Every structure is written in C-alpha cells, then in structure tokens.
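What follows is structure_1.csv (CSV, C-alpha atoms).
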chain,number,residue,atom,x,y,z
A,1,MET,CA,129.1,-141.8,-229.2
A,2,ASN,CA,126.8,-141.3,-232.2
A,3,THR,CA,123.2,-140.1,-232.2
A,4,ALA,CA,121.7,-143.6,-232.6
A,5,GLU,CA,123.6,-144.8,-229.5
A,6,LEU,CA,122.3,-141.7,-227.7
A,7,GLY,CA,118.7,-142.6,-228.7
A,8,LEU,CA,118.3,-139.6,-231.0
A,9,PRO,CA,116.1,-138.3,-232.3
A,10,MET,CA,113.9,-138.8,-229.3
A,11,PRO,CA,110.5,-140.2,-230.5
A,12,VAL,CA,107.7,-138.0,-229.5
A,13,PRO,CA,104.5,-139.1,-231.3
A,14,ALA,CA,101.9,-136.6,-232.4
A,15,GLU,CA,98.2,-137.2,-232.5
A,16,GLY,CA,96.5,-137.7,-235.8
A,17,LEU,CA,99.5,-139.0,-237.8
A,18,PRO,CA,99.7,-142.5,-239.4
A,19,ALA,CA,101.5,-145.2,-237.4
A,20,ARG,CA,103.5,-146.3,-240.4
A,21,VAL,CA,104.6,-144.6,-243.6
A,22,ARG,CA,105.6,-146.4,-246.8
A,23,ILE,CA,108.5,-144.6,-248.5
A,24,HIS,CA,108.4,-144.8,-252.3
A,25,GLU,CA,112.1,-144.5,-253.0
A,26,VAL,CA,112.8,-142.7,-256.3
A,27,GLY,CA,116.5,-142.1,-256.2
A,28,ALA,CA,117.5,-144.7,-258.8
A,29,ARG,CA,115.0,-143.3,-261.3
A,30,ASP,CA,114.0,-139.7,-260.6
A,31,GLY,CA,117.4,-139.1,-259.0
A,32,LEU,CA,119.7,-140.5,-261.6
A,33,GLN,CA,117.8,-139.4,-264.6
A,34,ASN,CA,118.8,-135.8,-263.9
A,35,GLU,CA,122.6,-136.6,-263.7
A,36,LYS,CA,124.7,-135.0,-266.4
A,37,ALA,CA,126.9,-138.0,-266.7
A,38,THR,CA,125.4,-141.5,-267.3
A,39,VAL,CA,125.9,-143.8,-264.3
A,40,PRO,CA,127.1,-147.3,-265.3
A,41,THR,CA,124.4,-150.0,-265.2
A,42,ALA,CA,126.4,-152.1,-262.7
A,43,VAL,CA,126.5,-149.1,-260.3
A,44,LYS,CA,122.8,-148.6,-260.7
A,45,ALA,CA,122.1,-152.2,-260.0
A,46,GLU,CA,124.3,-152.2,-256.9
A,47,PHE,CA,122.7,-148.9,-255.7
A,48,ILE,CA,119.2,-150.6,-255.9
A,49,ARG,CA,120.5,-153.7,-254.1
A,50,ARG,CA,121.9,-151.6,-251.3
A,51,LEU,CA,118.7,-149.6,-251.1
A,52,ALA,CA,116.8,-152.9,-250.8
A,53,GLY,CA,119.2,-153.9,-247.9
A,54,THR,CA,118.1,-150.8,-245.9
A,55,GLY,CA,114.5,-152.1,-245.5
A,56,LEU,CA,112.9,-150.0,-248.2
A,57,THR,CA,110.1,-152.0,-249.7
A,58,THR,CA,109.4,-149.9,-252.8
A,59,ILE,CA,112.3,-148.8,-255.0
A,60,GLU,CA,111.5,-147.2,-258.4
A,61,ALA,CA,114.0,-148.8,-260.7
A,62,THR,CA,114.1,-147.1,-264.1
A,63,SER,CA,112.0,-145.7,-267.0
A,64,PHE,CA,111.2,-147.3,-270.2
A,65,VAL,CA,111.2,-144.0,-272.1
A,66,HIS,CA,112.9,-143.4,-275.4
A,67,PRO,CA,116.6,-143.0,-274.9
A,68,LYS,CA,116.5,-139.7,-276.9
A,69,TRP,CA,114.5,-138.0,-274.1
A,70,VAL,CA,116.2,-139.5,-271.0
A,71,PRO,CA,119.6,-140.9,-272.1
A,72,GLN,CA,120.6,-141.6,-268.5
A,73,LEU,CA,118.0,-144.4,-268.4
A,74,ALA,CA,118.7,-145.9,-271.8
A,75,ASP,CA,119.9,-149.1,-270.1
A,76,ALA,CA,116.5,-150.1,-268.7
A,77,GLU,CA,116.5,-153.5,-270.5
A,78,ASP,CA,120.0,-154.3,-269.2
A,79,LEU,CA,119.3,-153.0,-265.7
A,80,TYR,CA,116.0,-154.6,-264.8
A,81,PRO,CA,117.0,-158.3,-265.1
A,82,GLN,CA,119.9,-157.6,-262.8
A,83,ILE,CA,117.6,-156.6,-259.9
A,84,SER,CA,114.3,-158.4,-260.7
A,85,ASP,CA,115.1,-161.1,-258.1
A,86,LEU,CA,115.0,-158.6,-255.2
A,87,PRO,CA,112.1,-159.1,-252.7
A,88,VAL,CA,110.8,-155.6,-253.0
A,89,GLU,CA,108.5,-153.7,-255.3
A,90,LEU,CA,110.3,-152.3,-258.4
A,91,PRO,CA,108.0,-149.8,-260.1
A,92,VAL,CA,109.1,-148.6,-263.6
A,93,LEU,CA,107.9,-145.6,-265.6
A,94,VAL,CA,106.1,-146.4,-268.9
A,95,PRO,CA,105.2,-143.3,-270.9
A,96,ASN,CA,103.3,-145.1,-273.6
A,97,GLU,CA,102.3,-148.5,-274.9
A,98,ARG,CA,105.8,-149.2,-276.4
A,99,GLY,CA,107.3,-148.5,-272.9
A,100,LEU,CA,104.7,-150.8,-271.4
A,101,ASP,CA,105.5,-153.6,-273.8
A,102,ARG,CA,109.2,-153.3,-272.9
A,103,ALA,CA,108.5,-153.4,-269.2
A,104,LEU,CA,106.0,-156.3,-269.4
A,105,ALA,CA,108.5,-158.3,-271.5
A,106,LEU,CA,110.9,-158.2,-268.5
A,107,GLY,CA,108.3,-159.2,-266.0
A,108,ALA,CA,107.6,-155.8,-264.4
A,109,ARG,CA,104.4,-155.8,-262.3
A,110,ARG,CA,104.5,-152.2,-261.0
A,111,VAL,CA,104.2,-149.5,-263.6
A,112,ALA,CA,103.6,-145.8,-263.6
A,113,VAL,CA,102.4,-143.1,-266.0
A,114,PHE,CA,103.4,-139.5,-265.8
A,115,ALA,CA,100.7,-136.8,-266.3
A,116,SER,CA,100.6,-133.1,-265.8
A,117,ALA,CA,98.1,-130.8,-264.1
A,118,THR,CA,99.1,-127.9,-266.4
A,119,GLU,CA,99.0,-127.5,-270.2
A,120,SER,CA,102.4,-125.9,-270.3
A,121,PHE,CA,104.2,-128.8,-268.7
A,122,ALA,CA,102.2,-131.3,-270.6
A,123,LYS,CA,103.4,-129.7,-273.8
A,124,ALA,CA,107.0,-129.5,-272.6
A,125,ASN,CA,107.1,-133.0,-271.2
A,126,LEU,CA,104.8,-135.0,-273.5
A,127,ASN,CA,104.2,-132.6,-276.5
A,128,ARG,CA,100.5,-133.0,-275.9
A,129,THR,CA,97.7,-131.2,-274.1
A,130,VAL,CA,96.5,-132.5,-270.8
A,131,ASP,CA,93.5,-134.3,-272.3
A,132,GLU,CA,95.6,-135.7,-275.2
A,133,SER,CA,98.1,-137.1,-272.7
A,134,LEU,CA,95.2,-138.7,-270.7
A,135,ALA,CA,94.0,-140.3,-273.9
A,136,MET,CA,97.5,-141.7,-274.5
A,137,PHE,CA,97.6,-143.2,-271.1
A,138,GLU,CA,94.1,-144.9,-271.3
A,139,PRO,CA,95.3,-147.9,-273.3
A,140,VAL,CA,98.5,-148.1,-271.2
A,141,VAL,CA,96.6,-148.3,-268.0
A,142,SER,CA,93.9,-150.6,-269.4
A,143,ARG,CA,96.4,-153.1,-270.9
A,144,ALA,CA,98.5,-153.1,-267.7
A,145,LYS,CA,95.5,-153.8,-265.5
A,146,GLY,CA,94.5,-156.6,-268.0
A,147,GLU,CA,97.8,-158.4,-267.3
A,148,GLY,CA,96.5,-159.7,-263.9
A,149,ASP,CA,95.4,-158.7,-260.4
A,150,ASP,CA,99.0,-158.5,-259.3
A,151,VAL,CA,99.7,-155.6,-261.6
A,152,ARG,CA,99.4,-152.1,-260.1
A,153,VAL,CA,99.5,-148.8,-261.9
A,154,ARG,CA,100.7,-145.5,-260.3
A,155,GLY,CA,99.7,-142.2,-261.8
A,156,TYR,CA,102.2,-139.4,-261.3
A,157,LEU,CA,100.8,-135.9,-261.5
A,158,SER,CA,103.3,-133.1,-262.0
A,159,MET,CA,102.9,-129.4,-261.3
A,160,CYS,CA,100.2,-129.8,-258.6
A,161,PHE,CA,101.2,-126.6,-256.8
A,162,GLY,CA,103.0,-124.3,-259.2
A,163,ASP,CA,104.2,-124.2,-262.8
A,164,PRO,CA,107.3,-122.3,-264.1
A,165,TRP,CA,105.3,-121.0,-267.0
A,166,GLU,CA,101.8,-120.6,-265.6
A,167,GLY,CA,102.4,-119.7,-261.9
A,168,PRO,CA,100.0,-121.0,-259.3
A,169,VAL,CA,97.9,-124.0,-260.3
A,170,PRO,CA,94.2,-123.8,-259.3
A,171,VAL,CA,93.1,-126.6,-257.0
A,172,PRO,CA,90.1,-127.6,-259.2
A,173,GLN,CA,92.4,-128.1,-262.1
A,174,VAL,CA,94.5,-130.6,-260.1
A,175,VAL,CA,91.4,-132.3,-258.8
A,176,ARG,CA,90.1,-132.8,-262.3
A,177,VAL,CA,93.2,-134.6,-263.6
A,178,CYS,CA,93.4,-136.7,-260.4
A,179,ARG,CA,89.9,-137.9,-260.9
A,180,ALA,CA,90.6,-138.6,-264.6
A,181,LEU,CA,93.6,-140.7,-263.7
A,182,LEU,CA,91.6,-142.7,-261.2
A,183,ASP,CA,88.8,-143.2,-263.7
A,184,LEU,CA,91.4,-144.6,-266.2
A,185,GLY,CA,92.2,-147.3,-263.6
A,186,CYS,CA,95.2,-146.0,-261.7
A,187,ASP,CA,95.6,-147.6,-258.3
A,188,GLU,CA,97.6,-144.8,-256.7
A,189,LEU,CA,98.3,-141.2,-257.4
A,190,SER,CA,101.5,-139.3,-256.5
A,191,LEU,CA,101.0,-135.5,-256.2
A,192,GLY,CA,104.1,-133.8,-257.4
A,193,ASP,CA,105.5,-130.4,-256.4
A,194,THR,CA,107.8,-130.5,-259.4
A,195,ILE,CA,109.5,-127.1,-258.8
A,196,GLY,CA,109.3,-127.2,-255.1
A,197,VAL,CA,107.1,-124.1,-254.6
A,198,ALA,CA,104.4,-125.6,-252.4
A,199,THR,CA,103.8,-124.5,-248.8
A,200,PRO,CA,101.8,-126.4,-246.1
A,201,GLY,CA,98.6,-124.5,-246.5
A,202,GLN,CA,98.5,-125.4,-250.2
A,203,VAL,CA,99.1,-129.0,-249.4
A,204,THR,CA,96.3,-129.0,-246.8
A,205,ALA,CA,93.9,-127.3,-249.2
A,206,LEU,CA,94.6,-129.6,-252.1
A,207,LEU,CA,94.2,-132.8,-250.0
A,208,ALA,CA,91.0,-131.5,-248.5
A,209,ALA,CA,89.6,-130.7,-252.0
A,210,LEU,CA,90.6,-134.2,-253.2
A,211,THR,CA,88.9,-135.8,-250.3
A,212,GLY,CA,85.8,-133.7,-250.9
A,213,ALA,CA,85.8,-134.9,-254.5
A,214,GLY,CA,85.7,-138.5,-253.4
A,215,VAL,CA,89.3,-139.3,-253.8
A,216,PRO,CA,90.3,-141.6,-250.9
A,217,VAL,CA,93.4,-140.4,-249.0
A,218,SER,CA,94.5,-144.1,-249.0
A,219,VAL,CA,95.3,-143.9,-252.8
A,220,LEU,CA,97.4,-140.7,-252.5
A,221,GLY,CA,101.1,-140.2,-252.1
A,222,VAL,CA,103.1,-137.0,-252.1
A,223,HIS,CA,106.3,-136.1,-254.0
A,224,PHE,CA,108.0,-132.9,-252.8
A,225,HIS,CA,111.1,-131.2,-254.1
A,226,ASP,CA,113.1,-129.1,-251.7
A,227,THR,CA,113.8,-126.1,-253.9
A,228,TYR,CA,112.7,-123.6,-251.2
A,229,GLY,CA,113.4,-125.8,-248.2
A,230,GLN,CA,109.7,-126.7,-247.7
A,231,ALA,CA,109.7,-130.4,-248.4
A,232,LEU,CA,109.6,-131.7,-244.8
A,233,ALA,CA,107.0,-129.1,-243.7
A,234,ASN,CA,104.8,-130.0,-246.7
A,235,THR,CA,105.2,-133.7,-245.9
A,236,LEU,CA,104.1,-133.2,-242.3
A,237,ALA,CA,101.1,-131.3,-243.6
A,238,ALA,CA,100.2,-134.3,-245.8
A,239,LEU,CA,100.7,-136.7,-242.9
A,240,GLN,CA,98.3,-134.6,-240.8
A,241,GLN,CA,95.7,-135.1,-243.6
A,242,GLY,CA,96.1,-138.9,-243.5
A,243,VAL,CA,98.6,-139.5,-246.3
A,244,SER,CA,100.9,-142.5,-245.5
A,245,THR,CA,102.9,-142.8,-248.8
A,246,VAL,CA,105.7,-140.4,-249.3
A,247,ASP,CA,108.1,-140.3,-252.2
A,248,ALA,CA,111.8,-139.5,-251.4
A,249,SER,CA,115.2,-139.9,-253.0
A,250,ALA,CA,118.2,-141.4,-251.2
A,251,GLY,CA,120.7,-138.7,-250.6
A,252,GLY,CA,118.4,-136.0,-252.0
A,253,LEU,CA,119.3,-136.9,-255.6
A,254,GLY,CA,117.2,-135.6,-258.5
A,255,GLY,CA,115.3,-132.9,-260.2
A,256,CYS,CA,113.4,-132.8,-263.4
A,257,PRO,CA,115.1,-132.6,-266.9
A,258,PHE,CA,112.0,-130.9,-268.3
A,259,ALA,CA,111.7,-128.2,-265.5
A,260,ARG,CA,115.0,-126.5,-265.1
A,261,SER,CA,114.1,-124.7,-261.9
A,262,ALA,CA,113.5,-128.0,-260.1
A,263,THR,CA,116.2,-129.0,-257.7
A,264,GLY,CA,116.6,-132.2,-255.6
A,265,ASN,CA,113.9,-134.3,-254.2
A,266,LEU,CA,113.2,-134.7,-250.5
A,267,ALA,CA,116.1,-136.7,-249.1
A,268,THR,CA,115.0,-140.1,-247.8
A,269,GLU,CA,117.4,-139.8,-244.9
A,270,ASP,CA,115.9,-136.4,-243.8
A,271,LEU,CA,112.4,-137.9,-244.1
A,272,VAL,CA,113.3,-141.0,-242.0
A,273,TRP,CA,114.9,-138.8,-239.3
A,274,MET,CA,111.7,-136.7,-239.0
A,275,LEU,CA,109.4,-139.8,-239.0
A,276,ARG,CA,111.6,-141.5,-236.4
A,277,GLY,CA,111.3,-138.4,-234.2
A,278,LEU,CA,107.5,-138.6,-234.6
A,279,GLY,CA,107.4,-142.2,-233.6
A,280,ILE,CA,106.3,-143.3,-237.1
A,281,ASP,CA,107.5,-146.6,-238.4
A,282,THR,CA,109.2,-146.9,-241.8
A,283,GLY,CA,111.1,-150.2,-241.5
A,284,VAL,CA,114.2,-148.4,-242.7
A,285,ASP,CA,117.7,-148.8,-241.2
A,286,LEU,CA,118.9,-145.2,-241.3
A,287,GLY,CA,122.6,-146.1,-240.8
A,288,ARG,CA,122.5,-148.4,-243.8
A,289,LEU,CA,120.7,-145.8,-245.8
A,290,VAL,CA,123.2,-143.1,-245.0
A,291,ALA,CA,126.1,-145.5,-246.0
A,292,THR,CA,124.4,-146.2,-249.3
A,293,SER,CA,124.0,-142.5,-250.1
A,294,VAL,CA,127.6,-141.8,-249.2
A,295,TRP,CA,128.7,-144.7,-251.5
A,296,MET,CA,126.6,-143.3,-254.4
A,297,ALA,CA,127.9,-139.8,-253.7
A,298,ALA,CA,131.4,-141.1,-254.1
A,299,HIS,CA,130.5,-142.5,-257.5
A,300,LEU,CA,128.9,-139.2,-258.5
A,301,GLY,CA,131.9,-137.3,-257.4
A,302,ARG,CA,130.1,-134.9,-255.0
A,303,PRO,CA,128.8,-134.9,-251.5
A,304,SER,CA,125.1,-135.6,-250.8
A,305,PRO,CA,122.9,-132.5,-250.3
A,306,SER,CA,121.0,-134.4,-247.5
A,307,ARG,CA,121.6,-132.7,-244.2
A,308,THR,CA,121.1,-136.0,-242.4
A,309,VAL,CA,123.6,-137.8,-244.5
A,310,ARG,CA,126.1,-135.1,-243.9
A,311,ALA,CA,125.5,-135.0,-240.2
A,312,LEU,CA,125.6,-138.8,-239.7
A,313,SER,CA,128.5,-139.5,-242.1
A,314,HIS,CA,130.5,-136.8,-240.3
A,315,GLN,CA,129.9,-138.6,-237.0
A,316,GLU,CA,131.1,-141.8,-238.5
A,317,SER,CA,134.3,-140.2,-239.9

Just dump the structure as structure tokens.
Amino acid sequence: MNTAELGLPMPVPAEGLPARVRIHEVGARDGLQNEKATVPTAVKAEFIRRLAGTGLTTIEATSFVHPKWVPQLADAEDLYPQISDLPVELPVLVPNERGLDRALALGARRVAVFASATESFAKANLNRTVDESLAMFEPVVSRAKGEGDDVRVRGYLSMCFGDPWEGPVPVPQVVRVCRALLDLGCDELSLGDTIGVATPGQVTALLAALTGAGVPVSVLGVHFHDTYGQALANTLAALQQGVSTVDASAGGLGGCPFARSATGNLATEDLVWMLRGLGIDTGVDLGRLVATSVWMAAHLGRPSPSRTVRALSHQES
C-alpha cells in the first residue's frame, strides 16, 4: 500500500496560512535552460502537456532570448505553437523588445522580464547596470500592457538575498528595485533566491519591508533554490507572511546559467507534499506529477533530485 492509499501526508492545517497556493511551474523554462544537452522540441512540448495534465495552471514555457545566450531555448518559435492550445497560462520570458515582438507574434499573453537586485548580476546577466536594465524594460512592459487588458507582465528579481560577487544584499536595495518594477507596470513580482543562500529570517524581513513600502503581498511570489536545503523552510516563512504564489520546478530541475553556484530549484513535488500536509489546496495531482518527472528524468538520463519523486517512484516500483 502506498502513502496516498494510507492517507499520507496527514493534513494538519496551521493558522495564518493561505487556503490555496498557486504554483508557478518553471521546469520547462528555468529547469531545461540549464541542461548541458539540448532537449528536443517534441520532448519539451510533451513535458508541458504532461505538466498541464497534473492540474498545474501556470506553466512557464520558454524564453524568447537570443539563442547565443541560452541555446537550450533556441526553439521558442517552434515550441510555443505546439502547446498554445493548452487551457493553462503559459508565461514566456522576454528580455527586450525584440523578444516581446517574437512572443506577441505567436499569441503569448503572459510575459516576464528578468531584473537584478545587484549591480554585479545585472552586469553578468544583462551587461547593464540595474538602472540601465530597468530603462530597457520600460518599453517592454509598456508595450505589453498596451496589447490589451488580458496581457499580464511578471517581473523576476534575481539576487534578492545574496549575490556570489557582493555577498549579502541589503533589504532597502531589493525594495527599491521591486518598487521600480511595479512602477513600470508589472502585475506580479517574483523574489528570487538565485544562489539559494536565504534563510527564513531573511525572507520574513524582506517581505515585511516590502509590505511597509506599500507593496501588496498579493502581487508577490517567491522563487527559492535549494542549494543549502532551505527552500521549503523559506517557502513556509513566505506563506506565513501571506504569500500565495510559489515558483517551483518539476523534479527539481534547473539552476542559473549566469550564476554557477546556483543549483536546482525547489522541486514542485516536494512543495506539493508539504502543502498537502498543511491542508493547503494546490489542485495538483501528485501522482501524475511524479510520473511526469520520472518520465523527464529518463529523457535526461539521470534520476530526479526531488526527494518526494524518489520516495514515491520507489513505492510504485
């Protein structure tokens, strides 16, 4: 008998947590962009279709960035039409106006820009200062919002908790860039722990500072890497502050090609297991999700790093 049949994990709700969490699935973009080998377009499309079949409602599909910088996602124009019929949100990354043009031409209605809280990472990732990158995003966000009320723009903010060149990142520095992204017109912000160094106290302090600066918690999501095993603890700290959007990657895929110390994202399966135990609804079928990650792991030629995937797939075998 497996854990699901035994009624595990046992739901024990905790006070002060959201009743439902929206998982922003990033495996197909943030996960696969960090693979050494390029995954065939047909496999990516099937991966996204299988993820949609698990009950996930937001699945980040790809990035319209120049192939020179992220060759693993050079097939964005070929991939997007193969999945655009899915009844889920399919956000795409658009680093500049050219990327936005490519995305809009294919009918994308959910786009994201990728900013940095630190000068060092802005230089490494965008070859610009923080303020220069914000100036580059201004026409991108403005034009996207001008496409209609159904278009939404997400602002990713990297290095919110620590930077491999600069060390700890001052909270006011992060708050300033968050406010700037909202002022540009972003509908949602994702706070990134790009190298996985955050701890729960930091998460609580940053969210409190953002709330104090007039940033509604309803527009905030969190994106934790599990480099030091802190991703779930940090997620719980964010939930306790009212955050109800959490980024995660099926099977724990991913890292960051521009920050070599970054390891995998928080595994979606590990997140769902914790949320299920807290009595928080996600709408995700964990069994189907595990099966999807096992399928993708076979294509990648290595086991999933997710502990939940390993535990549940071992039960099935």

Q. Mind pulling up the distance from CA of Val169 (chain A) to CA of Ala209 (chain A)?
A.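 So the two atoms, CA of Ala209 (chain A) and CA of Val169 (chain A), lie 13.5 Å apart.
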
(Q) One decimal, in Å: what's the spacing between CA of Glu46 (chain A) and CA of Arg98 (chain A)? (A)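 CA of Arg98 (chain A) lies at a distance of 27.0 Å from CA of Glu46 (chain A).
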
Within 10 Å of region 65-70 of chain A, which residues of region 74-104 of chain A show up? Give each one with its shortest atom-to-atom distance in Å (one decimal) and the two atoms involved, counting only C-alpha atoms, rows by chain then rising residue number, as CSV.
residue,atom,partner,partner_atom,distance
A:Ala74,CA,A:Pro67,CA,4.7
A:Asp75,CA,A:Pro67,CA,8.4
A:Ala76,CA,A:Val65,CA,8.8
A:Val92,CA,A:Val65,CA,9.9
A:Leu93,CA,A:Val65,CA,7.5
A:Val94,CA,A:Val65,CA,6.5
A:Pro95,CA,A:Val65,CA,6.2
A:Asn96,CA,A:Val65,CA,8.1
A:Arg98,CA,A:Val65,CA,8.6
A:Gly99,CA,A:Val65,CA,6.0
A:Leu100,CA,A:Val65,CA,9.4
A:Arg102,CA,A:Val65,CA,9.5

Q: Identify which of the residues A:His24, A:His299, A:Lys44, A:Arg50 lies closest to Leu266 (chain A), counting all atoms listed in the file when measuring atom-to-atom distances.
A: A:His24

Q: Using only C-alpha atoms, pick whichever of A:Ala180, A:Leu90, A:Val43, A:Leu253 has the shortest atom-to-atom distance to Thr58 (chain A).
A: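 Smallest distance to Thr58 (chain A) is found for A:Leu90.
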
Q: Please indicate the distance in Å from CA of Gln33 (chain A) to CA of Pro71 (chain A), rounded to one decimal place.
A: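 Distance reported for this atom pair: 7.9 Å.
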
Please report, as a tab-separated table, each residue of region 64-172 of chain A lying at most 8 Å from region 190-206 of chain A, together with the nearest pair of atoms and the separation in Å rounded to one decimal; use only C-alpha atoms, and order rows by chain and ascending residue number.
residue	atom	partner	partner_atom	distance
A:Arg154	CA	A:Ser190	CA	7.3
A:Gly155	CA	A:Ser190	CA	6.3
A:Tyr156	CA	A:Ser190	CA	4.9
A:Leu157	CA	A:Leu191	CA	5.3
A:Ser158	CA	A:Gly192	CA	4.7
A:Met159	CA	A:Thr194	CA	5.4
A:Cys160	CA	A:Gly192	CA	5.7
A:Phe161	CA	A:Ala198	CA	5.5
A:Gly162	CA	A:Val197	CA	6.2
A:Asp163	CA	A:Ile195	CA	7.2
A:Pro164	CA	A:Ile195	CA	7.5
A:Val171	CA	A:Leu206	CA	5.9

Go ahead and save the residues from that selection, with C-alpha atoms, as a compact mmCIF listing (two decimals), in the frame of the given file.
# COMPACT_ATOMS: atom_id res chain seq x y z
CA ARG A 154 100.70 -145.50 -260.30
CA GLY A 155 99.70 -142.20 -261.80
CA TYR A 156 102.20 -139.40 -261.30
CA LEU A 157 100.80 -135.90 -261.50
CA SER A 158 103.30 -133.10 -262.00
CA MET A 159 102.90 -129.40 -261.30
CA CYS A 160 100.20 -129.80 -258.60
CA PHE A 161 101.20 -126.60 -256.80
CA GLY A 162 103.00 -124.30 -259.20
CA ASP A 163 104.20 -124.20 -262.80
CA PRO A 164 107.30 -122.30 -264.10
CA VAL A 171 93.10 -126.60 -257.00

Is there a way to complete region 288-297 of chain A with all heavy atoms and then write that out as a short mmCIF file (atom, residue, chain, number, x, y, z; two decimals), in the frame of the given file?
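Saved the output as selection-v5.cif:
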data_model
loop_
_atom_site.label_atom_id
_atom_site.label_comp_id
_atom_site.auth_asym_id
_atom_site.auth_seq_id
_atom_site.Cartn_x
_atom_site.Cartn_y
_atom_site.Cartn_z
N ARG A 288 122.27 -147.80 -242.51
CA ARG A 288 122.50 -148.40 -243.80
C ARG A 288 122.19 -147.49 -244.97
O ARG A 288 122.86 -147.46 -245.99
CB ARG A 288 121.76 -149.73 -243.95
CG ARG A 288 122.30 -150.87 -243.11
CD ARG A 288 121.61 -152.17 -243.48
NE ARG A 288 122.18 -153.30 -242.75
CZ ARG A 288 121.85 -154.56 -242.98
NH1 ARG A 288 120.92 -154.85 -243.90
NH2 ARG A 288 122.41 -155.54 -242.29
N LEU A 289 121.11 -146.76 -244.79
CA LEU A 289 120.70 -145.80 -245.80
C LEU A 289 121.72 -144.72 -246.03
O LEU A 289 122.07 -144.38 -247.17
CB LEU A 289 119.32 -145.24 -245.50
CG LEU A 289 118.69 -144.32 -246.54
CD1 LEU A 289 118.49 -145.05 -247.86
CD2 LEU A 289 117.36 -143.77 -246.02
N VAL A 290 122.20 -144.17 -244.95
CA VAL A 290 123.20 -143.10 -245.00
C VAL A 290 124.47 -143.69 -245.72
O VAL A 290 125.06 -143.04 -246.60
CB VAL A 290 123.57 -142.59 -243.64
CG1 VAL A 290 124.85 -141.75 -243.68
CG2 VAL A 290 122.41 -141.77 -243.09
N ALA A 291 124.88 -144.89 -245.34
CA ALA A 291 126.10 -145.50 -246.00
C ALA A 291 125.87 -145.69 -247.46
O ALA A 291 126.80 -145.49 -248.26
CB ALA A 291 126.36 -146.84 -245.29
N THR A 292 124.66 -146.04 -247.85
CA THR A 292 124.40 -146.20 -249.30
C THR A 292 124.47 -144.90 -250.03
O THR A 292 125.03 -144.83 -251.13
CB THR A 292 122.96 -146.82 -249.45
OG1 THR A 292 122.94 -148.13 -248.86
CG2 THR A 292 122.58 -146.92 -250.92
N SER A 293 123.95 -143.83 -249.45
CA SER A 293 124.00 -142.50 -250.10
C SER A 293 125.43 -142.00 -250.16
O SER A 293 125.83 -141.34 -251.14
CB SER A 293 123.09 -141.54 -249.40
OG SER A 293 121.73 -141.87 -249.66
N VAL A 294 126.21 -142.25 -249.14
CA VAL A 294 127.60 -141.80 -249.20
C VAL A 294 128.36 -142.60 -250.27
O VAL A 294 129.17 -142.03 -251.01
CB VAL A 294 128.28 -142.11 -247.79
CG1 VAL A 294 129.79 -141.94 -247.87
CG2 VAL A 294 127.69 -141.16 -246.74
N TRP A 295 128.06 -143.87 -250.40
CA TRP A 295 128.70 -144.70 -251.50
C TRP A 295 128.30 -144.15 -252.84
O TRP A 295 129.16 -143.99 -253.70
CB TRP A 295 128.17 -146.14 -251.30
CG TRP A 295 128.59 -147.08 -252.39
CD1 TRP A 295 129.75 -147.78 -252.49
CD2 TRP A 295 127.81 -147.43 -253.55
NE1 TRP A 295 129.76 -148.54 -253.63
CE2 TRP A 295 128.58 -148.35 -254.30
CE3 TRP A 295 126.55 -147.08 -254.02
CZ2 TRP A 295 128.13 -148.90 -255.50
CZ3 TRP A 295 126.10 -147.63 -255.21
CH2 TRP A 295 126.89 -148.53 -255.93
N MET A 296 127.02 -143.82 -253.06
CA MET A 296 126.60 -143.30 -254.40
C MET A 296 127.20 -141.91 -254.60
O MET A 296 127.60 -141.58 -255.72
CB MET A 296 125.07 -143.25 -254.45
CG MET A 296 124.56 -142.64 -255.76
SD MET A 296 125.27 -143.39 -257.26
CE MET A 296 124.26 -144.86 -257.38
N ALA A 297 127.26 -141.09 -253.57
CA ALA A 297 127.90 -139.80 -253.70
C ALA A 297 129.30 -139.86 -254.19
O ALA A 297 129.76 -139.05 -255.00
CB ALA A 297 127.77 -139.00 -252.40
#
